[in-house]
$ cat structure_22.cif   # mmCIF, C-alpha atoms
data_query
#
loop_
_atom_site.group_PDB
_atom_site.id
_atom_site.type_symbol
_atom_site.label_atom_id
_atom_site.label_comp_id
_atom_site.auth_asym_id
_atom_site.auth_seq_id
_atom_site.Cartn_x
_atom_site.Cartn_y
_atom_site.Cartn_z
ATOM 1 C CA MET A 1091 -3.577 17.478 6.788
ATOM 2 C CA SER A 1092 -6.513 15.887 5.036
ATOM 3 C CA LEU A 1093 -6.098 12.287 3.868
ATOM 4 C CA THR A 1094 -7.956 10.565 1.047
ATOM 5 C CA TYR A 1095 -9.560 7.256 2.008
ATOM 6 C CA LEU A 1096 -10.400 4.783 -0.763
ATOM 7 C CA THR A 1097 -12.268 1.496 -0.829
ATOM 8 C CA THR A 1098 -10.656 -1.503 -2.521
ATOM 9 C CA ASP A 1099 -12.663 -0.896 -5.705
ATOM 10 C CA GLU A 1100 -11.741 2.799 -5.788
ATOM 11 C CA LEU A 1101 -8.048 2.004 -5.234
ATOM 12 C CA SER A 1102 -8.273 -0.570 -8.014
ATOM 13 C CA GLY A 1103 -9.359 2.132 -10.454
ATOM 14 C CA VAL A 1104 -6.550 4.471 -9.427
ATOM 15 C CA ILE A 1105 -3.578 2.072 -9.504
ATOM 16 C CA LYS A 1106 -4.940 -0.149 -12.321
ATOM 17 C CA TYR A 1107 -4.770 -3.398 -10.334
ATOM 18 C CA ASP A 1108 -7.728 -5.741 -10.062
ATOM 19 C CA SER A 1109 -9.469 -5.440 -6.685
ATOM 20 C CA ARG A 1110 -8.985 -9.176 -6.149
ATOM 21 C CA THR A 1111 -5.221 -8.766 -6.645
ATOM 22 C CA ILE A 1112 -5.184 -5.961 -4.074
ATOM 23 C CA ARG A 1113 -7.048 -8.110 -1.523
ATOM 24 C CA GLU A 1114 -5.145 -11.357 -2.106
ATOM 25 C CA ARG A 1115 -1.599 -10.313 -3.052
ATOM 26 C CA LEU A 1116 -0.885 -6.737 -1.996
ATOM 27 C CA LYS A 1117 -2.759 -6.427 1.297
ATOM 28 C CA ASP A 1118 -0.566 -7.419 4.255
ATOM 29 C CA SER A 1119 2.525 -7.986 2.097
ATOM 30 C CA VAL A 1120 3.018 -4.615 0.390
ATOM 31 C CA LEU A 1121 0.110 -2.640 1.810
ATOM 32 C CA LEU A 1122 0.324 -2.735 5.607
ATOM 33 C CA GLU A 1123 -2.417 -2.179 8.157
ATOM 34 C CA GLY A 1124 -1.874 1.037 10.091
ATOM 35 C CA VAL A 1125 0.379 2.412 7.355
ATOM 36 C CA HIS A 1126 -1.465 1.994 4.051
ATOM 37 C CA TYR A 1127 -4.921 1.041 5.266
ATOM 38 C CA ILE A 1128 -7.156 1.151 8.310
ATOM 39 C CA ARG A 1129 -10.228 -0.658 9.577
ATOM 40 C CA PRO A 1130 -12.428 2.156 10.918
ATOM 41 C CA PHE A 1131 -14.195 1.464 14.206
ATOM 42 C CA GLY A 1132 -12.643 -2.029 14.367
ATOM 43 C CA GLY A 1133 -14.950 -3.320 11.634
ATOM 44 C CA ARG A 1134 -14.444 -5.458 8.556
ATOM 45 C CA LYS A 1135 -14.438 -2.544 6.110
ATOM 46 C CA ILE A 1136 -10.991 -1.551 4.831
ATOM 47 C CA LEU A 1137 -10.137 1.987 3.786
ATOM 48 C CA TYR A 1138 -6.861 2.607 1.985
ATOM 49 C CA ILE A 1139 -4.940 5.847 2.597
ATOM 50 C CA TRP A 1140 -4.066 7.143 -0.861
ATOM 51 C CA GLU A 1141 -1.320 9.599 0.143
ATOM 52 C CA HIS A 1142 0.651 6.868 1.954
ATOM 53 C CA ILE A 1143 0.297 4.417 -0.932
ATOM 54 C CA GLU A 1144 1.316 7.050 -3.479
ATOM 55 C CA ARG A 1145 4.373 8.001 -1.384
ATOM 56 C CA ASP A 1146 5.554 4.396 -1.082
ATOM 57 C CA MET A 1147 4.927 3.591 -4.750
ATOM 58 C CA GLY A 1148 7.401 6.353 -5.621
ATOM 59 C CA ILE A 1149 9.995 5.066 -3.155
ATOM 60 C CA ALA A 1150 9.872 1.589 -4.670
ATOM 61 C CA THR A 1151 10.598 2.867 -8.169
ATOM 62 C CA ASN A 1152 13.661 4.818 -7.009
ATOM 63 C CA ASP A 1153 15.258 1.644 -5.599
ATOM 64 C CA ALA A 1154 14.677 -0.578 -8.626
ATOM 65 C CA TYR A 1155 18.023 -2.371 -8.196
ATOM 66 C CA ALA A 1156 18.087 -2.433 -4.403
ATOM 67 C CA ILE A 1157 17.911 -5.696 -2.458
ATOM 68 C CA PRO A 1158 15.521 -5.480 0.516
ATOM 69 C CA MET A 1159 16.974 -6.472 3.879
ATOM 70 C CA ALA A 1160 15.172 -8.053 6.834
ATOM 71 C CA ASN A 1161 15.615 -4.966 9.040
ATOM 72 C CA GLY A 1162 13.793 -2.757 6.538
ATOM 73 C CA GLY A 1163 16.903 -1.327 4.873
ATOM 74 C CA VAL A 1164 18.166 -1.974 1.367
ATOM 75 C CA CYS A 1165 21.456 -3.148 -0.127
ATOM 76 C CA HIS A 1166 22.463 -1.208 -3.234
ATOM 77 C CA GLY A 1167 24.747 -3.694 -4.706
#

$ encode --input "structure_22.cif" --output "structure tokens"
Amino acid sequence: MSLTYLTTDELSGVIKYDSRTIRERLKDSVLLEGVHYIRPFGGRKILYIWEHIERDMGIATNDAYAIPMANGGVCHG
């Protein structure tokens, strides 16, 4: 399986969020290291994994009225 790696600026163009918003608000709260992005070779550069982000964006919209739980589950009402 081939994955698509995007820089912050490239991801910004795809999901229509400002790159500063991605760095300051989404990274490490919604976008998680090892799941949605990696730091290749242990460096400072961040590469986002588009397929994982796209998958999780779709999951979030399906549970619009769900309440997130601490264990990672959701409460539907």

$ residues_near_point --input "structure_22.cif" --point "(-3.0, 14.3, -4.9)" --cutoff "12 Å" --atoms "only C-alpha atoms" --output "ChimeraX atom specification"
/A:1092-1095,1104,1139-1145

$ write_last_selection --input "structure_22.cif" --atoms "C-alpha atoms" --output "PDB file, in the coordinates of the input"
ATOM      1  CA  SER A1092      -6.513  15.887   5.036  1.00  0.00           C
ATOM      2  CA  LEU A1093      -6.098  12.287   3.868  1.00  0.00           C
ATOM      3  CA  THR A1094      -7.956  10.565   1.047  1.00  0.00           C
ATOM      4  CA  TYR A1095      -9.560   7.256   2.008  1.00  0.00           C
ATOM      5  CA  VAL A1104      -6.550   4.471  -9.427  1.00  0.00           C
ATOM      6  CA  ILE A1139      -4.940   5.847   2.597  1.00  0.00           C
ATOM      7  CA  TRP A1140      -4.066   7.143  -0.861  1.00  0.00           C
ATOM      8  CA  GLU A1141      -1.320   9.599   0.143  1.00  0.00           C
ATOM      9  CA  HIS A1142       0.651   6.868   1.954  1.00  0.00           C
ATOM     10  CA  ILE A1143       0.297   4.417  -0.932  1.00  0.00           C
ATOM     11  CA  GLU A1144       1.316   7.050  -3.479  1.00  0.00           C
ATOM     12  CA  ARG A1145       4.373   8.001  -1.384  1.00  0.00           C
TER      13      ARG A1145
END

$ residues_around --input "structure_22.cif" --residues "Thr1111 in chain A" --least-positions-apart "5" --cutoff "12 Å" --atoms "all atoms listed in the file" --output "ChimeraX atom specification"
/A:1098-1099,1101-1102,1105-1106,1116-1121

$ axis_aligned_box --input "structure_22.cif" --around "range 1093-1111 of chain A" --padding-each-side "4 Å" --output "AutoDock Vina command-line options"
--center_x -8.1 --center_y 1.6 --center_z -4.2 --size_x 17.1 --size_y 29.5 --size_z 24.2

$ residues_around --input "structure_22.cif" --residues "Thr1097 in chain A" --least-positions-apart "6" --cutoff "10 Å" --atoms "all atoms listed in the file" --output "MDAnalysis selection string"
chainID A and resid 1109 1127 1135:1140

$ atom_distance --input "structure_22.cif" --atom1 "CA of Gly1148 in chain A" --atom2 "CA of Arg1110 in chain A"
22.6 Å
